[in-house]
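Student: As input, take final.txt (compact mmCIF, C-alpha atoms and all ligand atoms):
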```
# COMPACT_ATOMS: atom_id res chain seq x y z
CA MET A 295 -65.53 183.08 -55.53
CA LEU A 296 -63.35 184.14 -52.62
CA ARG A 297 -59.79 185.13 -53.52
CA THR A 298 -57.93 182.86 -51.13
CA LYS A 299 -54.50 183.48 -49.73
CA THR A 300 -53.15 180.58 -51.83
CA CYS A 301 -54.57 182.29 -54.89
CA TYR A 302 -53.07 185.76 -54.42
CA ILE A 303 -49.73 184.44 -53.15
CA LYS A 304 -49.56 182.32 -56.30
CA ARG A 305 -50.27 185.44 -58.37
CA LEU A 306 -47.39 187.19 -56.61
CA GLU A 307 -45.06 184.22 -57.05
CA GLU A 308 -45.91 184.04 -60.74
CA ASN A 309 -45.37 187.78 -61.27
CA GLN A 310 -49.02 188.24 -62.15
CA PHE A 311 -50.28 190.33 -59.27
CA HIS A 312 -52.39 193.38 -60.12
CA LYS A 313 -53.51 195.98 -57.66
CA LEU A 314 -55.87 198.64 -58.97
CA ILE A 315 -55.93 201.89 -57.05
CA ILE A 316 -58.93 204.11 -56.48
CA GLY A 317 -56.97 206.55 -54.32
CA ALA A 318 -55.71 207.01 -50.78
CA ALA A 319 -57.21 210.51 -50.56
CA LEU A 320 -60.30 209.99 -52.68
CA LYS A 321 -63.43 210.18 -50.58
CA ASP A 322 -66.24 210.50 -53.09
CA TYR A 323 -68.19 207.36 -52.29
CA GLN A 324 -70.04 207.07 -55.60
CA THR A 325 -66.69 207.25 -57.42
CA ILE A 326 -65.27 204.56 -55.12
CA GLU A 327 -68.28 202.37 -55.84
CA ASP A 328 -68.00 202.91 -59.60
CA TYR A 329 -64.30 202.06 -59.84
CA ALA A 330 -64.53 199.12 -57.40
CA TYR A 331 -67.19 197.70 -59.71
CA TYR A 332 -65.05 198.06 -62.87
CA PHE A 333 -61.88 196.88 -61.11
CA THR A 334 -63.63 193.72 -59.86
CA HIS A 335 -64.71 192.97 -63.43
CA ALA A 336 -61.10 193.57 -64.48
CA GLY A 337 -59.89 190.76 -62.20
CA ALA A 338 -57.91 192.94 -59.79
CA ASP A 339 -56.23 191.00 -56.98
CA VAL A 340 -56.52 194.00 -54.71
CA ILE A 341 -58.52 197.23 -54.82
CA ASP A 342 -56.83 200.07 -52.93
CA ILE A 343 -59.05 202.72 -51.31
CA SER A 344 -59.02 205.47 -48.69
CA ALA A 345 -59.19 204.33 -45.06
CA PHE A 346 -62.72 205.41 -44.21
CA PRO A 347 -65.55 203.14 -43.07
CA HIS A 348 -67.82 204.35 -45.84
CA SER A 349 -65.09 203.81 -48.46
CA VAL A 350 -64.96 200.14 -47.43
CA ILE A 351 -68.76 199.89 -47.44
CA SER A 352 -68.91 201.40 -50.95
CA ALA A 353 -66.21 199.10 -52.31
CA ARG A 354 -67.82 196.06 -50.70
CA LYS A 355 -71.19 196.90 -52.24
CA ALA A 356 -69.67 197.29 -55.72
CA ILE A 357 -67.67 194.06 -55.47
CA GLU A 358 -70.81 192.15 -54.48
CA GLU A 359 -72.73 193.68 -57.37
CA ALA A 360 -70.05 192.75 -59.93
CA ILE A 361 -69.82 189.17 -58.60
CA LYS A 362 -73.60 188.83 -58.65
CA GLU A 363 -73.48 189.73 -62.34
CA ASN A 364 -70.58 187.41 -63.05
CA PRO A 365 -70.17 184.62 -60.43
CA ASN A 366 -66.92 183.50 -62.10
CA LEU A 367 -65.14 186.63 -60.90
CA ALA A 368 -62.70 186.23 -58.03
CA GLU A 369 -63.33 188.56 -55.13
CA PRO A 370 -60.53 191.14 -54.82
CA LEU A 371 -59.09 192.02 -51.44
CA ILE A 372 -60.04 195.47 -50.19
CA MET A 373 -56.90 197.35 -49.14
CA VAL A 374 -57.01 200.51 -47.04
CA SER A 375 -54.14 202.99 -47.41
CA VAL A 376 -52.75 204.73 -44.35
CA ASN A 377 -49.91 207.21 -43.91
CA ILE A 378 -47.09 207.74 -41.46
CA GLY A 379 -46.62 211.52 -41.44
CA LYS A 380 -46.76 213.68 -44.57
CA ASP A 381 -47.09 211.76 -47.80
CA PRO A 382 -47.91 212.87 -51.36
CA HIS A 383 -50.73 210.30 -51.50
CA PHE A 384 -52.46 212.08 -48.64
CA ARG A 385 -52.85 215.58 -49.96
CA ARG A 386 -55.58 217.45 -51.68
CA ILE A 387 -56.02 220.67 -53.56
CA GLU A 388 -57.47 223.51 -51.56
CA LEU A 389 -59.29 226.21 -53.52
CA ASN A 390 -58.81 229.81 -52.43
CA GLU A 391 -62.15 231.23 -53.51
CA GLU A 392 -61.02 234.83 -53.01
CA ASN A 393 -58.25 234.41 -55.58
CA CYS A 394 -60.31 232.35 -58.02
CA THR A 395 -61.52 234.33 -61.04
CA GLU A 396 -63.53 231.36 -62.38
CA CYS A 397 -61.45 231.50 -65.55
CA LEU A 398 -62.03 227.71 -65.93
CA ALA A 399 -58.45 227.03 -67.04
CA CYS A 400 -58.11 224.24 -64.47
CA VAL A 401 -61.29 222.38 -65.47
CA PRO A 402 -59.93 220.23 -68.33
CA THR A 403 -56.70 219.40 -66.49
CA CYS A 404 -58.26 217.24 -63.78
CA PRO A 405 -58.42 213.50 -64.54
CA SER A 406 -60.87 213.09 -61.68
CA ASP A 407 -63.36 215.77 -62.82
CA ALA A 408 -63.02 217.57 -59.50
CA PHE A 409 -63.73 220.91 -61.22
CA VAL A 410 -67.21 221.24 -62.64
CA ILE A 411 -69.33 223.93 -64.19
CA LEU A 412 -72.91 223.98 -63.04
CA SER A 413 -75.72 225.93 -64.60
CA GLU A 414 -77.75 227.70 -61.96
CA ALA A 415 -80.38 228.56 -64.57
CA SER A 416 -80.97 224.92 -65.45
CA GLY A 417 -81.16 223.51 -61.96
CA SER A 418 -77.46 222.88 -61.29
CA GLN A 419 -77.03 220.59 -64.25
CA ASP A 420 -73.39 219.74 -64.98
CA ARG A 421 -72.42 221.60 -68.17
CA THR A 422 -68.66 221.02 -68.00
CA ASP A 423 -68.25 219.23 -71.35
CA GLU A 424 -70.56 221.64 -73.15
CA ILE A 425 -68.87 224.77 -71.82
CA LEU A 426 -65.36 223.53 -72.46
CA THR A 427 -66.09 223.23 -76.15
CA SER A 428 -67.60 226.73 -76.37
CA PRO A 429 -65.68 230.02 -76.13
CA ALA A 430 -66.93 231.32 -72.77
CA ALA A 431 -69.16 230.42 -69.87
CA PRO A 432 -72.46 232.30 -69.71
CA GLN A 433 -72.93 234.51 -66.66
CA ASP A 434 -75.37 232.14 -64.96
CA ASP A 435 -72.91 229.24 -64.88
CA LYS A 436 -70.90 228.63 -61.76
CA PHE A 437 -67.56 226.98 -61.21
CA PHE A 438 -67.35 224.41 -58.39
CA TYR A 439 -64.55 222.41 -56.89
CA LYS A 440 -65.36 219.01 -55.36
CA PRO A 441 -62.48 218.20 -52.93
CA ASP A 442 -63.71 214.65 -52.30
CA LEU A 443 -62.82 213.81 -55.91
CA CYS A 444 -59.24 215.11 -55.61
CA PHE A 445 -56.58 212.39 -55.32
CA GLY A 446 -53.64 214.77 -55.24
CA CYS A 447 -51.98 214.32 -58.66
CA GLY A 448 -51.10 218.01 -59.03
CA LEU A 449 -51.93 218.20 -62.75
CA CYS A 450 -54.16 221.24 -62.21
CA LEU A 451 -51.55 223.40 -60.47
CA PRO A 452 -49.75 224.83 -63.54
CA SER A 453 -53.07 225.86 -65.10
CA CYS A 454 -53.95 228.44 -62.44
CA GLN A 455 -52.41 231.88 -62.94
CA PHE A 456 -54.15 233.38 -59.91
CA GLU A 457 -52.68 231.38 -57.01
CA ALA A 458 -56.09 229.96 -56.23
CA LEU A 459 -54.94 226.32 -56.03
CA LYS A 460 -52.50 224.86 -53.55
CA PHE A 461 -51.89 221.54 -51.87
CA LYS A 462 -52.98 220.86 -48.35
CA ASN A 463 -51.84 217.78 -46.45
CA TRP A 464 -54.74 215.66 -45.52
CA SER A 465 -54.47 212.93 -42.94
CA ALA A 466 -57.22 210.66 -43.99
CA PHE A 467 -57.53 208.04 -41.33
CA GLU A 468 -57.92 207.51 -37.61
CA PRO A 469 -55.48 204.86 -36.27
CA ASN A 470 -58.16 203.53 -33.92
CA SER A 471 -60.51 202.86 -36.86
CA LEU A 472 -58.48 199.95 -38.27
CA GLN A 473 -60.47 197.29 -36.41
CA GLU A 474 -63.72 198.76 -37.71
CA LEU A 475 -62.35 198.91 -41.27
CA GLN A 476 -61.42 195.24 -41.02
CA GLU A 477 -64.83 194.27 -39.65
CA LEU A 478 -66.46 196.11 -42.55
CA GLY A 479 -64.49 194.05 -45.07
CA ALA A 480 -60.97 195.45 -45.49
CA SER A 481 -58.57 192.51 -45.47
CA ALA A 482 -55.42 194.28 -46.60
CA ILE A 483 -53.53 197.38 -45.52
CA GLU A 484 -50.93 199.56 -47.16
CA ILE A 485 -48.69 201.64 -44.94
CA HIS A 486 -47.00 204.61 -46.63
CA LEU A 487 -43.72 205.05 -44.78
CA ASN A 488 -42.13 208.22 -46.03
CA ASN A 489 -38.70 208.52 -44.53
CA ASP A 490 -39.53 208.36 -40.85
CA LEU A 491 -38.54 204.78 -40.05
CA GLU A 492 -38.78 205.24 -36.28
CA ALA A 493 -42.35 206.53 -36.59
CA PHE A 494 -43.13 203.55 -38.83
CA LYS A 495 -41.78 201.05 -36.29
CA THR A 496 -43.76 202.67 -33.48
CA PHE A 497 -46.93 202.62 -35.58
CA TYR A 498 -46.44 199.04 -36.74
CA PHE A 499 -45.61 197.56 -33.34
CA ASN A 500 -48.63 199.36 -31.84
CA MET A 501 -51.00 198.27 -34.60
CA GLU A 502 -53.30 195.77 -32.93
CA THR A 503 -55.30 194.77 -36.01
CA GLU A 504 -53.56 192.17 -38.18
CA PHE A 505 -54.60 192.27 -41.81
CA GLU A 506 -54.45 189.24 -44.09
CA LEU A 507 -52.16 191.03 -46.54
CA GLU A 508 -49.79 193.85 -45.69
CA SER A 509 -48.07 196.17 -48.13
CA PHE A 510 -45.49 198.85 -47.38
CA CYS A 511 -45.04 201.76 -49.74
CA ILE A 512 -41.66 203.43 -50.09
CA GLY A 513 -41.05 206.13 -52.66
CA SER A 514 -38.21 207.47 -54.75
CA ALA A 515 -39.79 210.94 -54.48
CA GLN A 516 -38.83 211.04 -50.81
CA MET A 517 -35.85 208.65 -50.70
CA ASN A 518 -32.55 208.17 -52.51
CA GLU A 519 -31.21 204.70 -53.35
CA LEU A 520 -29.52 204.19 -50.00
CA GLU A 521 -32.62 205.32 -48.14
CA LEU A 522 -34.82 202.97 -50.19
CA ARG A 523 -32.59 200.06 -49.17
CA GLU A 524 -32.53 201.14 -45.56
CA ALA A 525 -36.32 201.45 -45.52
CA THR A 526 -36.71 198.01 -47.12
CA LEU A 527 -34.36 196.37 -44.60
CA THR A 528 -36.20 198.12 -41.76
CA ILE A 529 -39.57 196.84 -43.03
CA ILE A 530 -38.26 193.28 -43.35
CA ASP A 531 -36.76 193.38 -39.88
CA THR A 532 -39.86 194.98 -38.31
CA VAL A 533 -42.32 192.51 -39.86
CA GLU A 534 -40.12 189.54 -38.91
CA THR A 535 -39.75 190.80 -35.35
CA LYS A 536 -43.52 191.13 -34.97
CA HIS A 537 -44.79 188.14 -36.98
CA GLY A 538 -41.84 185.82 -37.60
CA SER A 539 -40.12 185.12 -40.90
CA GLN A 540 -42.99 183.22 -42.54
CA LYS A 541 -45.36 186.13 -43.12
CA PRO A 542 -45.43 187.15 -46.78
CA PHE A 543 -45.82 190.84 -47.58
CA ILE A 544 -45.43 193.38 -50.36
CA ILE A 545 -42.99 196.25 -50.71
CA GLN A 546 -44.52 198.74 -53.11
CA VAL A 547 -41.87 200.88 -54.78
CA ASP A 548 -43.31 204.19 -55.83
CA GLY A 549 -41.79 206.34 -58.56
CA ARG A 550 -43.65 209.51 -59.37
CA PRO A 551 -46.87 209.19 -57.38
CA MET A 552 -50.23 209.51 -59.13
CA SER A 553 -48.67 210.36 -62.49
CA GLY A 554 -50.25 207.63 -64.65
CA ALA A 555 -52.67 210.14 -66.18
CA SER A 556 -49.81 212.37 -67.39
CA LYS A 557 -49.20 212.67 -71.12
CA ASN A 558 -45.61 211.50 -70.82
CA SER A 559 -44.69 208.13 -69.40
CA THR A 560 -43.19 208.35 -65.90
CA ASP A 561 -42.95 204.67 -64.96
CA GLN A 562 -39.17 204.51 -65.46
CA ASN A 563 -38.90 206.25 -62.06
CA CYS A 564 -40.42 203.30 -60.18
CA ILE A 565 -38.52 200.79 -62.32
CA ASP A 566 -35.23 202.50 -61.42
CA ALA A 567 -36.18 202.66 -57.75
CA ALA A 568 -37.09 198.96 -57.72
CA LYS A 569 -33.72 198.05 -59.24
CA SER A 570 -32.02 199.37 -56.11
CA ILE A 571 -33.86 196.91 -53.82
CA ILE A 572 -34.69 193.96 -56.07
CA ASP A 573 -31.92 191.80 -54.53
CA LEU A 574 -33.89 191.95 -51.24
CA GLN A 575 -36.81 190.09 -52.86
CA SER A 576 -37.39 186.64 -51.31
CA GLU A 577 -40.01 183.93 -50.85
CA GLN A 578 -41.76 186.18 -48.33
CA VAL A 579 -40.87 189.62 -49.68
CA PHE A 580 -42.67 190.56 -52.88
CA ILE A 581 -41.85 193.69 -54.90
CA GLN A 582 -44.52 195.70 -56.66
CA LEU A 583 -44.25 198.80 -58.85
CA ALA A 584 -46.40 201.91 -58.47
CA GLY A 585 -46.41 205.55 -59.58
CA GLY A 586 -47.03 206.26 -63.27
CA VAL A 587 -47.69 202.55 -63.94
CA THR A 588 -49.60 201.68 -67.11
CA GLU A 589 -50.52 198.42 -68.83
CA ASN A 590 -47.02 198.48 -70.41
CA THR A 591 -44.98 198.76 -67.22
CA PHE A 592 -44.76 195.06 -66.42
CA GLN A 593 -43.25 194.43 -69.85
CA LYS A 594 -40.95 197.42 -69.61
CA ALA A 595 -39.59 196.20 -66.27
CA PHE A 596 -39.19 192.65 -67.61
CA GLU A 597 -37.32 193.90 -70.67
CA GLN A 598 -34.87 195.59 -68.32
CA GLY A 599 -34.36 192.31 -66.44
CA LEU A 600 -36.42 193.43 -63.45
CA LYS A 601 -38.68 190.59 -62.35
CA VAL A 602 -41.14 192.33 -60.09
CA ASN A 603 -44.05 190.39 -58.60
CA GLY A 604 -46.80 192.88 -59.27
CA VAL A 605 -47.90 196.27 -60.46
CA ALA A 606 -50.27 198.84 -59.00
CA ILE A 607 -52.21 200.79 -61.61
CA GLY A 608 -54.14 203.86 -60.49
CA SER A 609 -54.54 207.14 -62.36
CA TYR A 610 -53.89 205.48 -65.72
CA ALA A 611 -56.68 202.93 -65.25
CA ARG A 612 -59.15 205.50 -63.97
CA LYS A 613 -58.41 207.83 -66.87
CA GLN A 614 -58.76 205.09 -69.50
CA ILE A 615 -62.02 203.86 -67.98
CA SER A 616 -63.53 207.33 -67.58
CA ASN A 617 -62.82 208.03 -71.27
CA ARG A 618 -65.44 205.39 -72.17
CA ASN A 619 -69.06 206.38 -72.17
CA SER A 620 -71.16 203.27 -71.59
CA LYS A 621 -71.02 200.90 -68.64
CA ASP A 622 -70.22 197.95 -70.93
CA ASP A 623 -67.37 199.80 -72.61
CA ARG A 624 -65.96 200.75 -69.23
CA ILE A 625 -66.03 197.11 -68.11
CA LYS A 626 -64.28 196.05 -71.32
CA GLU A 627 -61.65 198.77 -70.90
CA ALA A 628 -60.96 197.70 -67.30
CA ILE A 629 -60.59 194.05 -68.37
CA ASN A 630 -58.29 195.04 -71.25
CA ILE A 631 -55.95 197.00 -68.99
CA VAL A 632 -55.27 194.01 -66.71
CA GLN A 633 -55.22 191.49 -69.56
CA ASN A 634 -52.82 193.57 -71.66
CA SER A 635 -50.56 194.07 -68.68
CA SER A 636 -50.54 190.32 -67.92
CA ASN A 637 -50.35 189.08 -71.50
CA GLN A 638 -47.44 191.30 -72.40
CA ARG A 639 -45.48 190.09 -69.40
CA GLU A 640 -46.35 186.43 -70.07
CA HIS A 641 -45.45 186.79 -73.74
CA LEU A 642 -42.09 188.27 -72.92
CA GLY A 643 -41.48 185.57 -70.32
CA GLN A 644 -42.03 182.92 -73.00
CA MET A 645 -39.65 184.68 -75.37
CA ILE A 646 -36.98 184.82 -72.67
CA LYS A 647 -37.43 181.08 -71.94
CA LEU A 648 -37.09 180.28 -75.66
S1 LIG A 701 -57.62 228.11 -62.94
FE1 LIG A 701 -57.54 229.09 -60.91
S2 LIG A 701 -58.67 230.99 -61.16
FE2 LIG A 701 -59.19 229.70 -62.91
S3 LIG A 701 -61.06 228.61 -62.27
FE3 LIG A 701 -59.35 227.30 -61.75
S4 LIG A 701 -58.87 227.84 -59.63
FE4 LIG A 701 -60.14 229.49 -60.40
S1 LIG A 702 -54.62 217.52 -57.78
FE1 LIG A 702 -55.26 216.21 -59.51
S2 LIG A 702 -57.13 215.21 -58.80
FE2 LIG A 702 -56.77 216.99 -57.42
S3 LIG A 702 -57.95 218.63 -58.34
FE3 LIG A 702 -55.86 218.82 -59.15
S4 LIG A 702 -55.91 217.65 -61.09
FE4 LIG A 702 -57.75 217.06 -59.91
```
Could you render the structure as structure tokens?

Tutor:
Amino acid sequence: MLRTKTCYIKRLEENQFHKLIIGAALKDYQTIEDYAYYFTHAGADVIDISAFPHSVISARKAIEEAIKENPNLAEPLIMVSVNIGKDPHFRRIELNEENCTECLACVPTCPSDAFVILSEASGSQDRTDEILTSPAAPQDDKFFYKPDLCFGCGLCLPSCQFEALKFKNWSAFEPNSLQELQELGASAIEIHLNNDLEAFKTFYFNMETEFELESFCIGSAQMNELELREATLTIIDTVETKHGSQKPFIIQVDGRPMSGASKNSTDQNCIDAAKSIIDLQSEQVFIQLAGGVTENTFQKAFEQGLKVNGVAIGSYARKQISNRNSKDDRIKEAINIVQNSSNQREHLGQMIKL
């Protein structure tokens, strides 16, 4: 069943919109396929991926597979994430092999399993779980880093005492590939602005491909309250100038990017940032929370009187799903995350009405 514009706009209007994020920098195509499959089963309105042709192909394949299994599922929109200049969503860890002592301290810290231990003796079989529960790695085991699995959360950095890990900015997409991405099946785009509003305007006015749904990400990590408002007003003005005042779009307010897998809750950051622009919400301008968002964030925002239209759940969802072993359990977990998020918000809404 195709997710029509009427359908997802209604979800935004009813404060029910759920975007599930695979990762703007994640380029491991099997991982993209796996999560797109679980996120489709979960009922995601949008699945957010890196802006590569093969990322779109992988997501498309997984969505079709999930819908073939359950024809009642609504087809999520595929959203490609692009950056204007440096952005925390577009960075990856670079491993300095000369400094690395293969101490393995970083291995358990990565929610994306980007660090693995392979046994050369047993034909490169992944022994990560086994080794981590034993005192030391045997000599014939080798530590590997898989950069395509890194989505830039930074959780591994404090674990390395040997200065072997550092961030490298990573511009993931080619501006002239947008038409191809759309033809392959991407119907939504997210533009990460940072604080360079002039560069954003230039990019947006020159963007020839028009996507069905557009989202603009602004973040409290790069902007103070005044800058968040200025960026929001610039986005509204720029979209209206290009497309008129009837085009609906999303402003995604980011708190602490990619922190949903952290032990401590960080979603108050995006809630606070959204409070500073919520009065700019309108019939066409929808506000969505991101950055440390969990299944509880919708309720938390509602309890604080913040009626956002949607949430974007990324690292938290991927971590919860990857903690399950079987395919069926992973599907159930994915469904639970979106249902819990929606039900809690609905429940609270009813209590407020009463
Ligand atoms: S913690 Fe640092 S030194 Fe140890 S395995 Fe990881 S990258 Fe190498
Ligand atoms: S930044 Fe995050 S995803 Fe990337 S390797 Fe480190 S822990 Fe893994």

Student: With distances taken over only C-alpha atoms, which residue among A:Leu451, A:Ile544, A:Ala482, A:Leu367 lies nearest Cys400 of chain A?

Tutor: A:Leu451

Student: Within 7 Å of ligand LIG 701 (chain A), counting all atoms listed in the file: which residues, as JSON, numbers by chain?

Tutor: {"A": [389, 393, 394, 395, 396, 397, 398, 399, 400, 401, 437, 453, 454, 455, 456, 457, 458, 459]}

Student: Which residues are close to His312 of chain A, i.e. within 6 Å by all atoms listed in the file, leaving aside same-chain residues fewer than 2 positions away? Reply as a PyMOL selection string.

Tutor: chain A and resi 338-339+604-606

Student: From the options A:Lys355, A:Lys436, A:His486, A:His348, which residue's atoms come nearest to Lys380 of chain A, counting all atoms listed in the file?

Tutor: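 Using all atoms listed in the file, the shortest distance to Lys380 of chain A belongs to A:His486.
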
Student: Between A:Ala525, A:Val533, A:Lys569, A:Ala584, single out the one closest to Val547 of chain A, counting all atoms listed in the file.

Tutor: A:Ala584

Student: Dump the neighbourhood of ligand LIG 702 (chain A) as a PyMOL selection string: all residues within 9 Å, distances computed on all atoms listed in the file.

Tutor: chain A and resi 320+385-388+400-409+439-451+459-461+552

Student: Taking 5 positions as the minimum chain separation for residues in the same chain, which residues sit within 9 Å of Ile351 of chain A when counting only C-alpha atoms? Answer as a PyMOL selection string.

Tutor: chain A and resi 323+327+346+356+475+478-479

Student: Within 9 Å of (-44.8, 206.7, -70.2), all atoms listed in the file: residues as a PyMOL selection string?

Tutor: chain A and resi 554+556-562+586-588+590-591

Student: Which value, in Å to one decimal, gives the distance between atom CA of Pro382 of chain A and atom CA of Met517 of chain A?

Tutor: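 Computing the Euclidean distance for atom CA of Pro382 of chain A and atom CA of Met517 of chain A yields 12.8 Å.
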
Student: Could you check the closest approach to Ser471 of chain A for each of A:Leu507, A:Val374, A:Leu520, A:Ile512 and tell me which residue wins, using all atoms listed in the file?

Tutor: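 For Ser471 of chain A, the nearest of the given residues is A:Val374.
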
Student: Within 12 Å of (-59.3, 203.4, -50.6) (coordinates as in the file), grab all the protein and nucleic acid residues, counting all atoms listed in the file, and write them out as number ranges by chain.

Tutor: A: 313-323, 325-327, 329-330, 340-354, 371-376, 383-384, 445, 466-467, 475, 480, 482-484, 608

Student: Those residues you just picked out, can you put them in a file as a compact mmCIF listing (two decimals), in the coordinates of the input with C-alpha atoms?

Tutor:
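Output file selection_8.txt follows:
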```txt
# COMPACT_ATOMS: atom_id res chain seq x y z
CA LYS A 313 -53.51 195.98 -57.66
CA LEU A 314 -55.87 198.64 -58.97
CA ILE A 315 -55.93 201.89 -57.05
CA ILE A 316 -58.93 204.11 -56.48
CA GLY A 317 -56.97 206.55 -54.32
CA ALA A 318 -55.71 207.01 -50.78
CA ALA A 319 -57.21 210.51 -50.56
CA LEU A 320 -60.30 209.99 -52.68
CA LYS A 321 -63.43 210.18 -50.58
CA ASP A 322 -66.24 210.50 -53.09
CA TYR A 323 -68.19 207.36 -52.29
CA THR A 325 -66.69 207.25 -57.42
CA ILE A 326 -65.27 204.56 -55.12
CA GLU A 327 -68.28 202.37 -55.84
CA TYR A 329 -64.30 202.06 -59.84
CA ALA A 330 -64.53 199.12 -57.40
CA VAL A 340 -56.52 194.00 -54.71
CA ILE A 341 -58.52 197.23 -54.82
CA ASP A 342 -56.83 200.07 -52.93
CA ILE A 343 -59.05 202.72 -51.31
CA SER A 344 -59.02 205.47 -48.69
CA ALA A 345 -59.19 204.33 -45.06
CA PHE A 346 -62.72 205.41 -44.21
CA PRO A 347 -65.55 203.14 -43.07
CA HIS A 348 -67.82 204.35 -45.84
CA SER A 349 -65.09 203.81 -48.46
CA VAL A 350 -64.96 200.14 -47.43
CA ILE A 351 -68.76 199.89 -47.44
CA SER A 352 -68.91 201.40 -50.95
CA ALA A 353 -66.21 199.10 -52.31
CA ARG A 354 -67.82 196.06 -50.70
CA LEU A 371 -59.09 192.02 -51.44
CA ILE A 372 -60.04 195.47 -50.19
CA MET A 373 -56.90 197.35 -49.14
CA VAL A 374 -57.01 200.51 -47.04
CA SER A 375 -54.14 202.99 -47.41
CA VAL A 376 -52.75 204.73 -44.35
CA HIS A 383 -50.73 210.30 -51.50
CA PHE A 384 -52.46 212.08 -48.64
CA PHE A 445 -56.58 212.39 -55.32
CA ALA A 466 -57.22 210.66 -43.99
CA PHE A 467 -57.53 208.04 -41.33
CA LEU A 475 -62.35 198.91 -41.27
CA ALA A 480 -60.97 195.45 -45.49
CA ALA A 482 -55.42 194.28 -46.60
CA ILE A 483 -53.53 197.38 -45.52
CA GLU A 484 -50.93 199.56 -47.16
CA GLY A 608 -54.14 203.86 -60.49
```

Student: Of the candidates A:Arg523, A:Lys462, A:His335, A:Lys304, which one gets nearest to Ser570 of chain A if we count all atoms listed in the file?

Tutor: A:Arg523

Student: Counting all atoms listed in the file, which of A:Ser620, A:Asn500, A:Asn637, A:Gln582 gets nearest to Val602 of chain A?

Tutor: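 Once distances to Val602 of chain A are computed over all atoms listed in the file, the minimum belongs to A:Gln582.
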
Student: Set the distance at 12 Å and use all atoms listed in the file: which residues neighbour Phe580 of chain A once local chain neighbours fewer than 2 positions away are removed? I'd like the list as number ranges by chain.

Tutor: A: 302-311, 507-511, 526, 530, 541-547, 568, 571-578, 582-583, 601-605

Student: In Å, how far is it from atom CA of Ile411 of chain A to atom CA of Phe333 of chain A?

Tutor: 28.2 Å

Student: Could you work out how far atom CA of Ile631 of chain A lies from atom CA of Ile361 of chain A, giving the answer in Å with one decimal?

Tutor: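 Those two atoms sit 19.0 Å apart.
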
Student: Residues near Ile629 of chain A, anyone? I mean within 10 Å using all atoms listed in the file, not counting same-chain ones fewer than 5 positions away, as a list of chain:residue names.

Tutor: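 Everything that qualifies: A:Tyr332, A:Phe333, A:Thr334, A:His335, A:Ala336, A:Gly337, A:Ala338, A:Ile615, A:Asp623, A:Arg624, A:Asn634.
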
Student: Name the residues in contact with Gln598 of chain A at a cut-off of 10 Å, using all atoms listed in the file, excluding same-chain residues fewer than 2 positions from it; report them as a PDB file with C-alpha atoms, in the coordinates of the input.

Tutor:
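The resulting file, selection37.pdb, is shown below:
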```pdb
ATOM      1  CA  ILE A 565     -38.520 200.790 -62.320  1.00  0.00           C
ATOM      2  CA  ASP A 566     -35.230 202.500 -61.420  1.00  0.00           C
ATOM      3  CA  LYS A 569     -33.720 198.050 -59.240  1.00  0.00           C
ATOM      4  CA  GLN A 593     -43.250 194.430 -69.850  1.00  0.00           C
ATOM      5  CA  LYS A 594     -40.950 197.420 -69.610  1.00  0.00           C
ATOM      6  CA  ALA A 595     -39.590 196.200 -66.270  1.00  0.00           C
ATOM      7  CA  PHE A 596     -39.190 192.650 -67.610  1.00  0.00           C
ATOM      8  CA  LEU A 600     -36.420 193.430 -63.450  1.00  0.00           C
ATOM      9  CA  LYS A 601     -38.680 190.590 -62.350  1.00  0.00           C
TER      10      LYS A 601
END
```
